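See below for coords.txt, which holds compact mmCIF, C-alpha atoms and all ligand atoms.
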```txt
# COMPACT_ATOMS: atom_id res chain seq x y z
CA MET A 30 110.82 118.18 124.28
CA GLU A 31 108.07 117.11 121.91
CA THR A 32 107.40 113.40 122.22
CA LEU A 33 106.90 111.12 119.24
CA VAL A 34 103.22 110.86 120.19
CA GLU A 35 102.82 114.64 120.00
CA ARG A 36 104.78 114.71 116.76
CA VAL A 37 102.59 112.13 114.99
CA ILE A 38 99.47 113.90 116.22
CA SER A 39 100.59 117.28 114.91
CA ALA A 40 101.77 115.75 111.62
CA GLY A 41 98.17 114.58 111.06
CA LEU A 42 97.05 111.10 111.95
CA PRO A 43 95.84 108.67 109.33
CA ARG A 44 92.05 108.65 109.39
CA HIS A 45 91.78 104.88 109.58
CA VAL A 46 94.30 102.20 110.55
CA ALA A 47 93.44 98.51 110.10
CA LEU A 48 95.38 95.72 111.78
CA ILE A 49 95.79 92.01 111.11
CA MET A 50 96.59 90.66 114.57
CA ASP A 51 98.75 87.66 113.70
CA GLY A 52 101.13 85.48 115.71
CA ASN A 53 99.19 84.57 118.86
CA GLY A 54 99.80 80.86 118.36
CA ARG A 55 103.54 81.25 117.78
CA TRP A 56 103.83 83.56 120.80
CA ALA A 57 102.30 80.85 123.00
CA THR A 58 104.23 77.95 121.48
CA ALA A 59 107.51 79.80 122.01
CA ARG A 60 106.65 79.93 125.72
CA GLY A 61 105.57 76.32 125.96
CA LEU A 62 101.96 77.45 126.46
CA PRO A 63 98.77 76.31 124.73
CA ARG A 64 97.69 78.41 121.71
CA THR A 65 94.73 79.66 123.71
CA ALA A 66 97.12 81.49 126.06
CA GLY A 67 98.37 83.35 122.98
CA HIS A 68 94.84 84.46 122.13
CA GLN A 69 94.33 85.57 125.73
CA ALA A 70 97.51 87.66 125.57
CA GLY A 71 96.40 88.89 122.14
CA ALA A 72 93.16 90.17 123.61
CA ARG A 73 95.16 92.14 126.21
CA ALA A 74 97.29 93.65 123.42
CA ALA A 75 94.10 94.68 121.59
CA GLU A 76 92.72 96.20 124.78
CA ARG A 77 95.94 98.21 125.32
CA LEU A 78 95.93 99.52 121.80
CA ILE A 79 92.23 100.47 121.75
CA ARG A 80 92.65 102.45 124.95
CA PHE A 81 95.77 104.17 123.67
CA VAL A 82 94.48 105.16 120.23
CA GLY A 83 91.16 106.38 121.64
CA ASP A 84 92.25 108.19 124.79
CA ARG A 85 95.78 109.32 124.03
CA LEU A 86 96.18 109.51 120.27
CA GLY A 87 92.73 110.57 119.15
CA LEU A 88 92.62 108.23 116.15
CA ARG A 89 89.15 108.27 114.59
CA HIS A 90 88.91 104.82 112.98
CA MET A 91 90.56 101.50 113.75
CA THR A 92 89.72 98.03 112.45
CA LEU A 93 90.95 94.82 114.07
CA TYR A 94 90.81 91.48 112.22
CA ALA A 95 89.66 89.13 114.97
CA PHE A 96 88.18 86.11 113.16
CA SER A 97 88.13 85.29 109.47
CA THR A 98 85.68 83.13 107.54
CA GLU A 99 88.63 80.72 107.11
CA ASN A 100 89.27 80.48 110.87
CA TRP A 101 86.33 78.04 111.25
CA THR A 102 88.66 75.32 109.89
CA ARG A 103 90.75 75.48 113.09
CA PRO A 104 90.26 72.74 115.71
CA GLU A 105 86.84 73.02 117.31
CA ALA A 106 88.27 73.69 120.78
CA GLU A 107 90.26 76.67 119.49
CA VAL A 108 87.27 78.08 117.60
CA ASP A 109 85.12 77.72 120.74
CA TYR A 110 87.80 79.42 122.82
CA LEU A 111 88.08 82.33 120.38
CA MET A 112 84.31 82.79 120.26
CA ASP A 113 84.11 82.82 124.07
CA LEU A 114 87.06 85.21 124.27
CA LEU A 115 85.53 87.62 121.78
CA GLU A 116 82.16 87.53 123.46
CA GLN A 117 83.73 88.11 126.87
CA PHE A 118 85.88 90.90 125.48
CA VAL A 119 82.95 92.79 123.96
CA ASP A 120 80.85 92.24 127.07
CA GLU A 121 83.57 93.33 129.51
CA LYS A 122 84.61 96.39 127.53
CA LEU A 123 81.11 97.66 126.84
CA GLU A 124 80.90 100.05 129.78
CA GLU A 125 84.35 101.48 129.09
CA PHE A 126 83.49 101.89 125.39
CA VAL A 127 80.35 103.83 126.28
CA THR A 128 82.10 106.17 128.74
CA SER A 129 85.10 106.76 126.50
CA GLY A 130 83.10 107.38 123.31
CA VAL A 131 84.05 104.22 121.43
CA ARG A 132 81.51 103.24 118.81
CA LEU A 133 81.64 99.57 117.92
CA HIS A 134 81.04 98.28 114.41
CA VAL A 135 81.28 94.69 113.29
CA ALA A 136 82.38 93.80 109.78
CA GLY A 137 81.41 90.26 108.89
CA ASP A 138 78.59 87.78 108.82
CA VAL A 139 77.08 88.30 112.28
CA ASP A 140 74.24 85.87 111.47
CA GLY A 141 76.81 83.09 111.12
CA LEU A 142 78.09 83.52 114.70
CA PRO A 143 76.94 81.40 117.66
CA ALA A 144 73.69 82.82 119.10
CA SER A 145 75.16 84.21 122.31
CA VAL A 146 78.06 85.95 120.51
CA ARG A 147 75.56 87.37 118.03
CA LYS A 148 73.42 88.71 120.85
CA THR A 149 76.35 90.26 122.75
CA VAL A 150 77.73 91.87 119.63
CA ARG A 151 74.35 93.31 118.55
CA ARG A 152 73.77 94.70 122.03
CA ALA A 153 77.21 96.36 122.08
CA ILE A 154 76.68 97.88 118.62
CA GLU A 155 73.39 99.33 119.80
CA LYS A 156 74.68 100.58 123.18
CA THR A 157 77.70 102.34 121.66
CA GLU A 158 75.75 103.93 118.82
CA SER A 159 76.21 107.48 120.08
CA GLY A 160 79.99 107.13 120.53
CA ASP A 161 81.94 109.48 118.31
CA ARG A 162 85.54 109.51 119.48
CA LEU A 163 86.85 106.25 118.13
CA HIS A 164 85.02 104.12 115.59
CA LEU A 165 86.27 100.64 116.38
CA THR A 166 85.47 97.97 113.83
CA ILE A 167 86.01 94.36 114.75
CA ALA A 168 86.19 92.12 111.71
CA LEU A 169 84.43 89.00 112.91
CA ASN A 170 83.51 86.08 110.68
CA TYR A 171 84.87 88.36 107.98
CA GLY A 172 86.08 87.58 104.48
CA SER A 173 86.64 90.25 101.89
CA ARG A 174 85.63 88.23 98.82
CA GLN A 175 82.46 87.16 100.60
CA GLU A 176 81.77 90.81 101.48
CA ILE A 177 82.15 91.91 97.85
CA ALA A 178 80.05 88.97 96.57
CA ARG A 179 77.33 89.89 99.06
CA ALA A 180 77.29 93.50 97.83
CA CYS A 181 77.08 92.28 94.21
CA ARG A 182 74.23 89.93 95.09
CA GLU A 183 72.30 92.79 96.66
CA ILE A 184 72.87 94.92 93.57
CA ALA A 185 71.76 92.06 91.27
CA ILE A 186 68.55 91.62 93.26
CA GLN A 187 67.77 95.34 93.07
CA VAL A 188 68.49 95.48 89.34
CA ALA A 189 66.26 92.43 88.80
CA GLN A 190 63.49 94.08 90.82
CA GLY A 191 63.88 97.28 88.84
CA THR A 192 64.79 99.41 91.88
CA LEU A 193 68.34 100.06 90.65
CA SER A 194 69.40 100.77 87.10
CA VAL A 195 72.46 99.18 85.52
CA SER A 196 73.98 102.60 84.85
CA ASP A 197 73.97 103.29 88.60
CA VAL A 198 76.15 100.26 89.33
CA ASP A 199 79.47 101.95 89.98
CA GLU A 200 82.22 101.87 92.62
CA GLU A 201 80.12 103.91 95.00
CA ALA A 202 77.20 101.46 94.66
CA ILE A 203 79.47 98.60 95.72
CA ALA A 204 81.21 100.57 98.51
CA ARG A 205 77.84 101.53 100.01
CA ARG A 206 76.90 97.88 100.35
CA LEU A 207 80.01 96.72 102.19
CA TYR A 208 79.66 95.72 105.85
CA VAL A 209 80.67 99.04 107.41
CA ALA A 210 79.91 101.64 104.78
CA GLN A 211 80.17 104.70 107.05
CA VAL A 212 83.87 104.16 107.85
CA PRO A 213 86.45 105.67 105.44
CA ASP A 214 88.89 103.40 103.62
CA PRO A 215 92.00 102.53 105.64
CA ASP A 216 95.06 104.70 104.99
CA LEU A 217 97.32 102.13 106.60
CA VAL A 218 97.12 98.36 107.08
CA ILE A 219 99.48 96.78 109.61
CA ARG A 220 100.12 93.04 109.89
CA THR A 221 102.13 91.53 112.71
CA SER A 222 104.21 88.31 112.92
CA GLY A 223 106.27 88.71 109.76
CA THR A 224 103.64 87.27 107.41
CA VAL A 225 103.47 89.39 104.26
CA ARG A 226 99.99 88.99 102.83
CA LEU A 227 96.48 90.43 103.17
CA SER A 228 94.64 87.12 103.70
CA ASN A 229 91.27 88.24 102.35
CA PHE A 230 91.20 91.38 104.53
CA LEU A 231 89.63 94.63 103.22
CA LEU A 232 90.62 93.90 99.62
CA TRP A 233 88.27 96.55 98.25
CA GLN A 234 88.84 99.17 100.95
CA ALA A 235 92.64 98.83 101.05
CA ALA A 236 93.09 99.55 97.33
CA TYR A 237 95.25 102.62 98.07
CA ALA A 238 96.32 101.83 101.63
CA GLU A 239 99.92 101.87 102.73
CA LEU A 240 100.97 98.45 104.01
CA HIS A 241 103.25 97.84 106.96
CA PHE A 242 104.52 94.43 108.03
CA THR A 243 106.26 93.93 111.36
CA GLU A 244 108.00 90.85 112.77
CA THR A 245 106.47 91.50 116.20
CA LEU A 246 104.03 88.79 117.29
CA TRP A 247 100.63 90.29 118.08
CA PRO A 248 100.69 89.76 121.90
CA ASP A 249 103.96 91.75 122.00
CA PHE A 250 102.62 94.62 119.90
CA THR A 251 102.67 97.86 121.89
CA PRO A 252 101.27 101.39 121.52
CA ALA A 253 104.90 102.57 121.25
CA GLU A 254 105.43 100.43 118.13
CA PHE A 255 102.13 101.67 116.71
CA VAL A 256 103.33 105.26 117.09
CA LYS A 257 106.65 104.44 115.38
CA ILE A 258 104.74 102.89 112.48
CA ILE A 259 102.62 106.03 112.14
CA ALA A 260 105.79 108.14 112.13
CA GLU A 261 107.18 105.94 109.35
CA TYR A 262 103.88 106.21 107.47
CA HIS A 263 104.31 109.99 107.47
CA THR A 264 107.53 109.62 105.48
CA ARG A 265 105.71 107.84 102.65
CA VAL A 266 104.38 109.74 99.65
CA ARG A 267 100.89 108.73 98.59
CA ARG A 268 100.26 109.28 94.89
CA TYR A 269 96.94 107.49 94.30
CA GLY A 270 98.14 106.54 90.81
CA GLY A 271 99.09 110.11 89.93
CA ILE A 272 102.50 111.77 90.12
CA GLU A 273 104.01 114.12 92.65
CA GLU A 274 104.26 117.78 91.76
CA GLY A 275 107.64 118.44 90.19
CA GLU A 276 108.17 114.78 89.14
C1 LIG B 301 96.05 85.16 114.72
O1 LIG B 301 97.02 84.45 115.44
C2 LIG B 301 95.00 85.59 115.58
C3 LIG B 301 93.70 85.18 115.50
C4 LIG B 301 93.16 84.22 114.55
C5 LIG B 301 92.71 85.67 116.45
C6 LIG B 301 92.78 87.12 116.77
C7 LIG B 301 92.21 87.30 118.10
C8 LIG B 301 92.75 88.02 119.09
C9 LIG B 301 93.95 88.85 118.99
C10 LIG B 301 92.14 88.01 120.41
C11 LIG B 301 90.94 88.78 120.59
C12 LIG B 301 90.76 90.00 119.77
C13 LIG B 301 90.00 91.00 120.17
C14 LIG B 301 89.65 92.15 119.30
C15 LIG B 301 89.47 90.94 121.50
P1 LIG B 301 97.27 82.94 115.05
O2 LIG B 301 96.49 82.10 115.96
O3 LIG B 301 96.99 82.75 113.59
O4 LIG B 301 98.80 82.83 115.35
P2 LIG B 301 99.84 81.92 114.56
O5 LIG B 301 99.87 82.42 113.14
O6 LIG B 301 101.11 82.18 115.29
O7 LIG B 301 99.36 80.51 114.68
```
So that I can check it, write out the structure of this file as structure tokens.
Amino acid sequence: METLVERVISAGLPRHVALIMDGNGRWATARGLPRTAGHQAGARAAERLIRFVGDRLGLRHMTLYAFSTENWTRPEAEVDYLMDLLEQFVDEKLEEFVTSGVRLHVAGDVDGLPASVRKTVRRAIEKTESGDRLHLTIALNYGSRQEIARACREIAIQVAQGTLSVSDVDEEAIARRLYVAQVPDPDLVIRTSGTVRLSNFLLWQAAYAELHFTETLWPDFTPAEFVKIIAEYHTRVRRYGGIEEGE
């Protein structure tokens, strides 16, 4: 019998799925554990999913929202823990990424990260450059409004210098200047933990994305649930502002 995994593969996978990994803190609190234990479990959930979508599913693009520009307002100890966790994660997974064809991209202000995280991330981006199975983008020190403002600033500078003409400032000109320009827009954005908002995540890129919100807290999120969400995504009709034939 055809499994759900085989069915979603043959139905055509979305090109790019982006996830807001929310609910680590609540997962830990519910167990009487410190919030950091939730982030640790969250990292394991991310690891599971990356392996599954790359090796088993054959998804081409996945983005994970790991740290937002707003997350710096959290208590210093939690920020430090998250930075260490992310650095350790990238460092530990590097070899596996290289052998399994994962190419790492980082969306966000890398210059604003602590020096050692910056160094680890840059090294991993460089070492995985030839990977072409799964393009994994980690949104790190990422904020969508900041990303768009940055692109506009770059355009303004080029117009002022006379290297870009005003008539060339179109959607494509902005899209090309976003953090990870070579990755297609997400077809599907998933947010865990029952929170129903985008929180400054891929506001430009997700203009036509399908949105899926699940009550599952991120550390409990499994590949099996991911596959069910893809199957549900297949039942949706995407019109891109037009109408369906026969409507
Ligand atoms: C949201 O949960 C999660 C984060 C701010 C951090 C995301 C980080 C991870 C899942 C771990 C590492 C990720 C990778 C890619 C290795 P929250 O703390 O806001 O939870 P709460 O809303 O229940 O408080």
Margin query: At a cut-off of 8 Å, using only C-alpha atoms, what residues contact range 244-257 of chain A? Leave out same-chain residues fewer than 6 positions from it and give the result as a ChimeraX atom specification.
Written below: /A:33-34,37,50-53,55-56,67-68,70-74,77-78,81-82,221-224
Step by step: start from the point (90.6, 111.5, 105.2) in the file's coordinates, keep every protein, DNA or RNA residue that has an atom no farther than 9 Å from it, count all atoms listed in the file, and write the set as a PyMOL selection string.
chain A and resi 43-45+213-214+216
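Our summary of the geometry notes that CA of Glu176 in chain A is positioned 23.3 Å from CA of His241 in chain A.
Using only C-alpha atoms and all ligand atoms, the smallest distance between any of A:Glu116, A:Glu31, A:Asp84, A:Asp199 and ligand LIG 301 (chain B) comes from A:Glu116.
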Shell around Gly137 in chain A at 7 Å using only C-alpha atoms, local window under 3 positions removed, as an MDAnalysis selection string: chainID A and resid 168:172 208
Extending 4 Å beyond the listed atoms of range 83-94 of chain A on each side, what axis-aligned box results? I want centre and edge lengths in Å to one decimal, as AutoDock Vina command-line options.
```
--center_x 92.5 --center_y 101.0 --center_z 118.5 --size_x 15.3 --size_y 27.1 --size_z 20.6
```
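In this structure, CA of Asp138 in chain A sits 9.1 Å away from CA of Gln175 in chain A.
Proximity of A:Ala106, A:Ala260, A:Ala57, A:Ala144 to ligand LIG 301 (chain B), computed with all atoms listed in the file, is greatest for A:Ala57.
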The residue from A:Gln187, A:Gln117, A:Thr32, A:Thr243 with the smallest atom-to-atom distance to ligand LIG 301 (chain B), counting all atoms listed in the file, is A:Gln117
Extract range 64-91 of chain A from the coordinates I pasted, and write it as a short mmCIF file (atom, residue, chain, number, x, y, z; two decimals), in the first residue's frame (atoms kept: N, CA, C and O atoms).
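After the write, result.cif holds the following:
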```cif
data_model
loop_
_atom_site.label_atom_id
_atom_site.label_comp_id
_atom_site.auth_asym_id
_atom_site.auth_seq_id
_atom_site.Cartn_x
_atom_site.Cartn_y
_atom_site.Cartn_z
N ARG A 64 13.28 26.94 30.58
CA ARG A 64 12.99 27.21 29.17
C ARG A 64 14.10 26.70 28.25
O ARG A 64 13.84 26.26 27.13
N THR A 65 15.33 26.73 28.77
CA THR A 65 16.45 26.28 27.95
C THR A 65 16.30 24.80 27.53
O THR A 65 16.71 24.42 26.44
N ALA A 66 15.68 24.01 28.40
CA ALA A 66 15.46 22.59 28.06
C ALA A 66 14.51 22.50 26.87
O ALA A 66 14.61 21.58 26.04
N GLY A 67 13.60 23.45 26.77
CA GLY A 67 12.68 23.50 25.63
C GLY A 67 13.44 23.80 24.34
O GLY A 67 13.16 23.22 23.29
N HIS A 68 14.40 24.71 24.43
CA HIS A 68 15.18 25.04 23.23
C HIS A 68 16.04 23.85 22.81
O HIS A 68 16.21 23.58 21.62
N GLN A 69 16.57 23.15 23.81
CA GLN A 69 17.37 21.96 23.53
C GLN A 69 16.51 20.91 22.79
O GLN A 69 16.93 20.36 21.77
N ALA A 70 15.31 20.69 23.31
CA ALA A 70 14.40 19.73 22.66
C ALA A 70 13.97 20.25 21.29
O ALA A 70 13.78 19.47 20.35
N GLY A 71 13.86 21.57 21.18
CA GLY A 71 13.50 22.19 19.89
C GLY A 71 14.58 21.94 18.85
O GLY A 71 14.29 21.71 17.67
N ALA A 72 15.82 22.00 19.28
CA ALA A 72 16.93 21.75 18.35
C ALA A 72 16.89 20.30 17.85
O ALA A 72 17.15 20.03 16.68
N ARG A 73 16.50 19.37 18.73
CA ARG A 73 16.40 17.96 18.31
C ARG A 73 15.27 17.79 17.30
O ARG A 73 15.38 17.03 16.33
N ALA A 74 14.17 18.54 17.52
CA ALA A 74 13.04 18.46 16.57
C ALA A 74 13.46 19.01 15.21
O ALA A 74 13.08 18.47 14.16
N ALA A 75 14.26 20.07 15.22
CA ALA A 75 14.75 20.66 13.96
C ALA A 75 15.66 19.65 13.25
O ALA A 75 15.55 19.43 12.04
N GLU A 76 16.51 19.01 14.02
CA GLU A 76 17.45 18.02 13.48
C GLU A 76 16.69 16.88 12.79
O GLU A 76 17.00 16.48 11.68
N ARG A 77 15.66 16.37 13.49
CA ARG A 77 14.82 15.29 12.97
C ARG A 77 14.18 15.68 11.64
O ARG A 77 14.19 14.94 10.68
N LEU A 78 13.64 16.89 11.62
CA LEU A 78 12.91 17.33 10.44
C LEU A 78 13.86 17.55 9.26
O LEU A 78 13.56 17.18 8.13
N ILE A 79 15.01 18.15 9.52
CA ILE A 79 15.98 18.41 8.44
C ILE A 79 16.39 17.09 7.79
O ILE A 79 16.39 16.93 6.57
N ARG A 80 16.69 16.11 8.64
CA ARG A 80 17.12 14.80 8.13
C ARG A 80 16.01 14.17 7.28
O ARG A 80 16.24 13.66 6.20
N PHE A 81 14.80 14.26 7.80
CA PHE A 81 13.66 13.64 7.12
C PHE A 81 13.37 14.31 5.77
O PHE A 81 13.24 13.64 4.75
N VAL A 82 13.30 15.65 5.76
CA VAL A 82 12.92 16.30 4.50
C VAL A 82 14.02 16.16 3.45
O VAL A 82 13.75 16.09 2.26
N GLY A 83 15.28 16.11 3.91
CA GLY A 83 16.39 15.98 2.96
C GLY A 83 16.53 14.56 2.45
O GLY A 83 16.53 14.32 1.25
N ASP A 84 16.62 13.61 3.38
CA ASP A 84 16.93 12.22 2.99
C ASP A 84 15.72 11.44 2.49
O ASP A 84 15.83 10.64 1.57
N ARG A 85 14.58 11.65 3.13
CA ARG A 85 13.43 10.79 2.81
C ARG A 85 12.46 11.45 1.83
O ARG A 85 11.97 10.82 0.91
N LEU A 86 12.19 12.74 2.09
CA LEU A 86 11.15 13.40 1.29
C LEU A 86 11.69 13.97 -0.02
O LEU A 86 11.02 13.97 -1.04
N GLY A 87 12.90 14.51 0.05
CA GLY A 87 13.45 15.14 -1.16
C GLY A 87 12.94 16.56 -1.36
O GLY A 87 12.87 17.04 -2.50
N LEU A 88 12.60 17.23 -0.26
CA LEU A 88 12.19 18.64 -0.35
C LEU A 88 13.42 19.46 -0.77
O LEU A 88 14.53 19.17 -0.34
N ARG A 89 13.22 20.46 -1.61
CA ARG A 89 14.37 21.24 -2.10
C ARG A 89 14.74 22.42 -1.21
O ARG A 89 15.90 22.79 -1.11
N HIS A 90 13.72 23.07 -0.61
CA HIS A 90 14.01 24.28 0.17
C HIS A 90 13.22 24.29 1.48
O HIS A 90 12.01 24.09 1.46
N MET A 91 13.93 24.53 2.56
CA MET A 91 13.25 24.68 3.85
C MET A 91 13.90 25.83 4.62
O MET A 91 15.12 25.98 4.64
#
```
